[in-house]
>>> print(open('run05.tsv').read())   # TSV, C-alpha atoms and all ligand atoms
chain	number	residue	atom	x	y	z
A	467	MET	CA	-3.94	-16.42	-11.72
A	468	GLY	CA	-3.60	-17.87	-15.21
A	469	ASP	CA	-5.64	-15.91	-17.71
A	470	GLN	CA	-8.03	-14.80	-14.94
A	471	GLN	CA	-7.83	-11.15	-13.91
A	472	CYS	CA	-5.75	-10.69	-10.78
A	473	CYS	CA	-8.21	-10.25	-7.91
A	474	VAL	CA	-7.21	-7.55	-5.43
A	475	VAL	CA	-8.61	-6.73	-1.98
A	476	VAL	CA	-7.73	-3.22	-0.78
A	477	LEU	CA	-7.43	-2.31	2.90
A	478	ILE	CA	-8.03	1.30	3.91
A	479	SER	CA	-8.44	3.50	6.97
A	480	GLY	CA	-9.05	6.95	5.57
A	481	ASN	CA	-9.57	9.16	2.55
A	482	GLY	CA	-8.75	6.45	0.00
A	483	ASN	CA	-6.72	8.53	-2.47
A	484	ASN	CA	-4.58	5.48	-3.22
A	485	LEU	CA	-7.66	3.28	-3.45
A	486	GLN	CA	-9.14	5.68	-6.00
A	487	ALA	CA	-5.94	5.60	-8.05
A	488	LEU	CA	-5.99	1.78	-8.01
A	489	ILE	CA	-9.66	1.77	-9.05
A	490	ASP	CA	-9.14	4.29	-11.85
A	491	ALA	CA	-6.23	2.32	-13.31
A	492	SER	CA	-7.78	-1.15	-12.91
A	493	SER	CA	-9.62	-1.23	-16.25
A	494	HIS	CA	-6.36	-1.08	-18.20
A	495	SER	CA	-3.89	-2.68	-15.76
A	496	GLY	CA	-4.82	-6.37	-15.63
A	497	TYR	CA	-6.35	-6.47	-12.17
A	498	THR	CA	-9.77	-6.14	-10.58
A	499	ILE	CA	-10.49	-4.70	-7.17
A	500	SER	CA	-13.04	-7.16	-5.79
A	501	HIS	CA	-13.50	-5.80	-2.28
A	502	VAL	CA	-12.49	-3.01	0.09
A	503	ILE	CA	-12.07	-3.48	3.84
A	504	SER	CA	-11.77	-0.58	6.28
A	505	ASN	CA	-11.00	-0.63	9.99
A	506	ASN	CA	-12.56	2.84	10.19
A	507	PRO	CA	-16.34	2.96	9.69
A	508	SER	CA	-16.20	6.62	8.60
A	509	ALA	CA	-13.39	6.23	6.06
A	510	PHE	CA	-14.24	8.24	2.93
A	511	GLY	CA	-12.64	5.42	0.95
A	512	LEU	CA	-15.79	3.39	1.68
A	513	GLU	CA	-17.78	6.04	-0.20
A	514	ARG	CA	-15.33	5.81	-3.07
A	515	ALA	CA	-15.86	2.02	-3.24
A	516	LYS	CA	-19.65	2.46	-3.15
A	517	ARG	CA	-19.56	5.02	-5.99
A	518	CYS	CA	-17.58	2.52	-8.06
A	519	GLU	CA	-19.91	-0.37	-7.12
A	520	ILE	CA	-17.14	-2.24	-5.34
A	521	SER	CA	-18.28	-4.25	-2.31
A	522	SER	CA	-16.85	-3.25	1.05
A	523	SER	CA	-16.86	-4.24	4.68
A	524	VAL	CA	-15.91	-2.58	7.93
A	525	LEU	CA	-13.94	-4.33	10.63
A	526	ASN	CA	-13.76	-1.73	13.36
A	527	HIS	CA	-10.67	-2.53	15.40
A	528	ARG	CA	-12.40	-1.00	18.42
A	529	ASP	CA	-14.83	-3.94	18.39
A	530	PHE	CA	-12.08	-6.44	19.12
A	531	GLY	CA	-10.51	-7.18	22.48
A	532	THR	CA	-7.00	-7.82	21.18
A	533	ARG	CA	-4.94	-7.14	18.06
A	534	GLY	CA	-4.85	-10.91	17.49
A	535	ASP	CA	-8.67	-11.08	17.48
A	536	PHE	CA	-8.81	-8.27	14.95
A	537	ASP	CA	-6.17	-9.89	12.74
A	538	ARG	CA	-7.99	-13.23	12.78
A	539	ALA	CA	-11.27	-11.57	11.81
A	540	LEU	CA	-9.45	-9.65	9.07
A	541	GLN	CA	-7.87	-12.89	7.82
A	542	ARG	CA	-11.32	-14.46	7.53
A	543	ALA	CA	-12.77	-11.39	5.78
A	544	ILE	CA	-9.93	-11.41	3.24
A	545	ASP	CA	-10.04	-15.19	2.75
A	546	ASN	CA	-13.75	-14.89	1.94
A	547	GLN	CA	-12.70	-12.96	-1.17
A	548	SER	CA	-9.96	-15.43	-2.22
A	549	PRO	CA	-7.77	-12.61	-3.56
A	550	ASP	CA	-4.51	-13.00	-5.45
A	551	LEU	CA	-3.25	-9.82	-3.80
A	552	VAL	CA	-3.95	-7.66	-0.73
A	553	ALA	CA	-3.04	-3.99	-1.20
A	554	LEU	CA	-2.71	-1.81	1.92
A	555	ALA	CA	-3.66	1.72	0.86
A	556	GLY	CA	-3.56	4.17	3.71
A	557	PHE	CA	-4.26	1.31	6.10
A	558	MET	CA	-3.19	2.53	9.52
A	559	ARG	CA	-3.23	-0.68	11.57
A	560	ILE	CA	-0.06	-2.61	12.34
A	561	LEU	CA	-0.67	-6.24	11.37
A	562	GLY	CA	0.69	-9.07	13.49
A	563	PRO	CA	3.18	-11.72	12.34
A	564	GLU	CA	0.57	-14.45	11.78
A	565	ILE	CA	-1.58	-12.64	9.18
A	566	VAL	CA	1.49	-11.13	7.53
A	567	LYS	CA	3.04	-14.59	7.19
A	568	ASN	CA	-0.22	-15.95	5.75
A	569	PHE	CA	-0.07	-13.34	2.98
A	570	SER	CA	3.66	-13.42	2.43
A	571	GLY	CA	4.37	-12.45	-1.18
A	572	ARG	CA	0.71	-11.45	-1.69
A	573	MET	CA	0.53	-8.26	0.40
A	574	LEU	CA	1.80	-4.83	-0.70
A	575	ASN	CA	1.95	-1.48	1.03
A	576	ILE	CA	2.64	2.05	-0.11
A	577	HIS	CA	4.50	4.30	2.29
A	578	PRO	CA	5.02	8.07	1.89
A	579	SER	CA	8.80	8.16	2.21
A	580	LEU	CA	11.93	6.92	0.46
A	581	LEU	CA	12.32	3.82	2.64
A	582	PRO	CA	14.30	2.80	4.55
A	583	LYS	CA	14.16	6.48	5.54
A	584	TYR	CA	11.28	7.45	7.83
A	585	PRO	CA	9.26	4.31	8.56
A	586	GLY	CA	6.17	5.11	10.62
A	587	ILE	CA	4.27	8.38	10.60
A	588	ASN	CA	4.86	12.11	9.99
A	589	THR	CA	7.25	11.30	7.17
A	590	HIS	CA	6.92	14.63	5.34
A	591	GLN	CA	7.73	16.79	8.36
A	592	ARG	CA	10.63	14.50	9.24
A	593	ALA	CA	12.09	14.88	5.74
A	594	LEU	CA	11.76	18.66	5.99
A	595	ASP	CA	13.24	18.74	9.51
A	596	SER	CA	16.20	16.67	8.30
A	597	GLY	CA	16.89	19.16	5.51
A	598	ASP	CA	16.49	16.47	2.84
A	599	HIS	CA	16.61	17.62	-0.78
A	600	GLU	CA	14.30	14.88	-2.03
A	601	HIS	CA	11.39	12.83	-0.75
A	602	GLY	CA	8.81	10.47	-2.21
A	603	ALA	CA	6.93	7.20	-1.85
A	604	THR	CA	7.83	3.51	-1.75
A	605	VAL	CA	5.85	0.37	-2.56
A	606	HIS	CA	7.07	-2.73	-0.77
A	607	PHE	CA	6.09	-6.29	0.09
A	608	VAL	CA	4.66	-6.45	3.61
A	609	THR	CA	6.63	-8.43	6.18
A	610	GLU	CA	6.55	-8.50	9.98
A	611	GLU	CA	8.85	-5.47	10.09
A	612	LEU	CA	6.79	-2.25	9.99
A	613	ASP	CA	7.37	-0.54	6.62
A	614	GLY	CA	10.36	-2.83	6.32
A	615	GLY	CA	9.61	-5.45	3.67
A	616	PRO	CA	11.54	-5.86	0.39
A	617	LEU	CA	11.34	-2.61	-1.57
A	618	ILE	CA	9.80	-2.81	-5.04
A	619	ALA	CA	9.72	0.73	-6.44
A	620	GLN	CA	10.16	4.34	-5.39
A	621	GLY	CA	8.88	7.59	-6.82
A	622	ARG	CA	11.11	10.59	-6.03
A	623	ILE	CA	10.42	14.31	-5.98
A	624	PRO	CA	12.68	17.25	-5.14
A	625	ILE	CA	11.79	19.12	-1.95
A	626	ASN	CA	11.07	22.76	-2.78
A	627	ALA	CA	12.51	25.58	-0.70
A	628	ASN	CA	10.24	26.66	2.16
A	629	GLU	CA	7.45	24.25	1.35
A	630	THR	CA	5.28	23.01	4.18
A	631	ALA	CA	4.67	19.38	5.13
A	632	GLN	CA	1.16	19.76	3.75
A	633	GLU	CA	2.40	21.02	0.38
A	634	LEU	CA	5.01	18.26	0.24
A	635	SER	CA	2.43	15.62	1.19
A	636	ALA	CA	0.17	16.72	-1.66
A	637	ARG	CA	3.01	16.37	-4.17
A	638	VAL	CA	4.01	12.96	-2.79
A	639	LEU	CA	0.41	11.81	-3.10
A	640	ILE	CA	0.48	12.54	-6.85
A	641	LYS	CA	3.56	10.35	-7.11
A	642	GLU	CA	1.85	7.61	-5.05
A	643	GLN	CA	-1.16	7.63	-7.35
A	644	GLN	CA	1.13	6.96	-10.31
A	645	LEU	CA	3.33	4.42	-8.54
A	646	TYR	CA	0.88	2.06	-6.84
A	647	PRO	CA	-1.23	1.07	-9.88
A	648	THR	CA	1.97	0.51	-11.85
A	649	VAL	CA	3.38	-1.88	-9.24
A	650	VAL	CA	0.06	-3.72	-8.85
A	651	SER	CA	-0.07	-4.19	-12.62
A	652	TRP	CA	3.44	-5.71	-12.53
A	653	PHE	CA	2.26	-8.17	-9.86
A	654	ALA	CA	-0.96	-8.90	-11.76
A	655	SER	CA	0.96	-9.76	-14.91
A	656	GLY	CA	3.26	-12.12	-13.01
A	657	ARG	CA	6.36	-9.99	-13.73
A	658	LEU	CA	6.76	-9.09	-10.04
A	659	TYR	CA	6.90	-11.62	-7.22
A	660	LEU	CA	8.58	-12.38	-3.88
A	661	GLN	CA	11.17	-15.17	-3.92
A	662	ASN	CA	13.34	-16.09	-0.94
A	663	ASP	CA	12.38	-12.82	0.75
A	664	GLN	CA	13.60	-10.86	-2.28
A	665	ALA	CA	11.52	-8.76	-4.67
A	666	VAL	CA	11.99	-10.18	-8.18
A	667	MET	CA	10.99	-8.50	-11.43
A	668	ASP	CA	11.21	-10.29	-14.79
A	669	GLY	CA	13.35	-12.96	-13.16
A	670	ALA	CA	15.92	-10.52	-11.75
A	671	LYS	CA	16.33	-9.57	-8.09
A	672	LEU	CA	15.46	-5.91	-7.61
A	673	PRO	CA	18.06	-3.57	-6.09
A	674	ARG	CA	17.80	-3.00	-2.33
A	675	GLU	CA	16.13	0.38	-2.80
A	676	GLY	CA	13.79	-0.98	-5.47
A	677	LEU	CA	13.24	0.38	-8.97
A	678	GLN	CA	13.51	4.15	-9.18
A	679	ILE	CA	10.57	5.54	-11.17
A	680	ILE	CA	11.48	8.88	-12.67
A	681	SER	CA	8.51	10.53	-14.30
B	701	LIG	C1	-0.88	8.08	2.02
B	701	LIG	O1	0.19	9.01	2.13
B	701	LIG	C2	-0.30	6.69	2.01
B	701	LIG	O2	1.01	6.64	1.46
B	701	LIG	C3	-0.24	6.34	3.45
B	701	LIG	O3	-1.47	6.85	3.96
B	701	LIG	C4	-1.71	8.10	3.30
B	701	LIG	C5	-3.20	8.29	3.07
B	701	LIG	O4	-3.57	7.37	2.08
B	701	LIG	N1	-0.09	4.91	3.65
B	701	LIG	P1	-5.07	7.42	1.41
B	701	LIG	O5	-5.32	8.84	1.01
B	701	LIG	O6	-6.05	6.98	2.47
B	701	LIG	O7	-4.98	6.50	0.24
>>> encode(input="run05.tsv", output="structure tokens")
Amino acid sequence: MGDQQCCVVVLISGNGNNLQALIDASSHSGYTISHVISNNPSAFGLERAKRCEISSSVLNHRDFGTRGDFDRALQRAIDNQSPDLVALAGFMRILGPEIVKNFSGRMLNIHPSLLPKYPGINTHQRALDSGDHEHGATVHFVTEELDGGPLIAQGRIPINANETAQELSARVLIKEQQLYPTVVSWFASGRLYLQNDQAVMDGAKLPREGLQIIS
């Protein structure tokens, strides 16, 4: 990247809360969001991009015969932007090994659980059902393993007595909106990178569970 701003393409499928947080922080975090891609033509995140004059495109996965066809089209759409980083932000498609390998070390995801707990969906209800006392969000490098790449950072919150999955989800989202821009800024500044399948920060391998952000 050199002294150029880190160029980020954000992939979305829905509301775009994390996209909005990344946009709002970009002016003072050393990165620029150059483009937004959604697999869902009605994603509200596309409206968020438009309001912030960020270009966007829709690749509706329903228009493609196979997952591989979709991934190849997505690869081309991303390559057209020549980004330094691809940030998955509420992106609900599982990407195949080929595109993930092509962006190894340059693709991040935020997941609403304290990975490796609860990969996949319905994380908040699963944490409640398990009687956990804490929950949160994790940012990780994307690898072929779903929600399984090297962990970078986690934001933790206590689970309140008798709270619903919806209430918990809303509190986790606040933590996500703090966490993701922070991690992207670390990548943009060159402090954070992937080396030998390990997340490295300031030259030191990060712990297996990533950095714990208490705030
Ligand atoms: C968020 O909980 C995010 O962690 C997960 O998808 C949810 C919706 O994200 N990946 P957004 O509101 O579309 O950013």
>>> atom_distance(input="run05.tsv", atom1="atom CA of A:Ser596", atom2="atom CA of A:Leu554")
27.2 Å
>>> atom_distance(input="run05.tsv", atom1="atom CA of A:Ala555", atom2="atom CA of A:Gln470")
23.3 Å
>>> closest_residue(input="run05.tsv", among="A:Ala654, A:Leu645, A:Leu639, A:Val524", to="ligand LIG 701 (chain B)", atoms="only C-alpha atoms and all ligand atoms")
A:Leu639
>>> atom_distance(input="run05.tsv", atom1="atom CA of A:Val474", atom2="atom CA of A:Gly511")
15.4 Å
>>> residues_near_ligand(input="run05.tsv", ligand="ligand LIG 701 (chain B)", cutoff="7 Å", atoms="all atoms listed in the file", output="VMD selection string")
chain A and resid 478 to 485 511 555 to 557 576 to 578 603 639 642
>>> closest_atom_pairs(input="run05.tsv", of="stretch 644-666 of chain A", to="stretch 545-552 of chain A", cutoff="12 Å", atoms="all atoms listed in the file", output="Markdown table")
| residue | atom | partner | partner_atom | distance |
| --- | --- | --- | --- | --- |
| A:Val649 | CA | A:Leu551 | CA | 11.7 |
| A:Val650 | CA | A:Leu551 | CA | 8.6 |
| A:Ser651 | CA | A:Leu551 | CA | 10.9 |
| A:Trp652 | CA | A:Leu551 | CA | 11.7 |
| A:Phe653 | CA | A:Leu551 | CA | 8.4 |
| A:Ala654 | CA | A:Asp550 | CA | 8.3 |
| A:Ser655 | CA | A:Asp550 | CA | 11.4 |
| A:Gly656 | CA | A:Asp550 | CA | 10.9 |
| A:Leu658 | CA | A:Leu551 | CA | 11.8 |
| A:Tyr659 | CA | A:Leu551 | CA | 10.9 |
>>> residues_around(input="run05.tsv", residues="stretch 664-667 of chain A", least_positions_apart="4", cutoff="10 Å", atoms="all atoms listed in the file", output="count of residues only")
21
>>> closest_residue(input="run05.tsv", among="A:Pro647, A:Gly586, A:Glu629, A:Arg637", to="A:Val476", atoms="only C-alpha atoms")
A:Pro647
>>> residues_around(input="run05.tsv", residues="A:Ile520", least_positions_apart="3", cutoff="12 Å", atoms="all atoms listed in the file", output="list in words")
Val474, Val475, Val476, Leu485, Gln486, Ile489, Thr498, Ile499, Ser500, His501, Val502, Ile503, Gly511, Leu512, Glu513, Arg514, Ala515, Lys516, Arg517 and Ser523 of chain A
>>> residues_around(input="run05.tsv", residues="A:Leu594", least_positions_apart="3", cutoff="12 Å", atoms="all atoms listed in the file", output="number ranges by chain")
A: 579, 584, 588-591, 597-602, 624-635
>>> residues_near_point(input="run05.tsv", point="(13.1, 1.8, 0.0)", cutoff="7 Å", atoms="only C-alpha atoms", output="PyMOL selection string")
chain A and resi 580-582+604+617+620+675-676
>>> residues_around(input="run05.tsv", residues="A:Asp537", least_positions_apart="3", cutoff="10 Å", atoms="all atoms listed in the file", output="MDAnalysis selection string")
chainID A and resid 525 527 530 532:534 540:543 559:566
>>> build_atoms(input="run05.tsv", residues="stretch 496-508 of chain A", atoms="N, CA and C atoms", output="tab-separated table (two decimals), keeping the file's coordinate frame")
chain	number	residue	atom	x	y	z
A	496	GLY	N	-4.88	-4.91	-15.82
A	496	GLY	CA	-4.82	-6.37	-15.63
A	496	GLY	C	-5.21	-6.84	-14.26
A	497	TYR	N	-5.88	-6.02	-13.49
A	497	TYR	CA	-6.35	-6.47	-12.17
A	497	TYR	C	-7.76	-5.93	-11.92
A	498	THR	N	-8.42	-6.57	-10.99
A	498	THR	CA	-9.77	-6.14	-10.58
A	498	THR	C	-9.79	-5.99	-9.07
A	499	ILE	N	-10.33	-4.87	-8.61
A	499	ILE	CA	-10.49	-4.70	-7.17
A	499	ILE	C	-11.83	-5.32	-6.81
A	500	SER	N	-11.79	-6.42	-6.06
A	500	SER	CA	-13.04	-7.16	-5.79
A	500	SER	C	-13.72	-6.70	-4.49
A	501	HIS	N	-12.92	-6.13	-3.58
A	501	HIS	CA	-13.50	-5.80	-2.28
A	501	HIS	C	-12.60	-4.80	-1.55
A	502	VAL	N	-13.23	-3.98	-0.74
A	502	VAL	CA	-12.49	-3.01	0.09
A	502	VAL	C	-12.85	-3.27	1.55
A	503	ILE	N	-11.83	-3.29	2.39
A	503	ILE	CA	-12.07	-3.48	3.84
A	503	ILE	C	-11.47	-2.30	4.59
A	504	SER	N	-12.25	-1.71	5.48
A	504	SER	CA	-11.77	-0.58	6.28
A	504	SER	C	-11.88	-0.92	7.76
A	505	ASN	N	-10.89	-0.48	8.52
A	505	ASN	CA	-11.00	-0.63	9.99
A	505	ASN	C	-11.71	0.58	10.59
A	506	ASN	N	-11.95	1.58	9.75
A	506	ASN	CA	-12.56	2.84	10.19
A	506	ASN	C	-13.93	3.00	9.51
A	507	PRO	N	-15.01	2.92	10.30
A	507	PRO	CA	-16.34	2.96	9.69
A	507	PRO	C	-16.66	4.25	8.95
A	508	SER	N	-15.89	5.34	9.27
A	508	SER	CA	-16.20	6.62	8.60
A	508	SER	C	-15.17	6.96	7.53
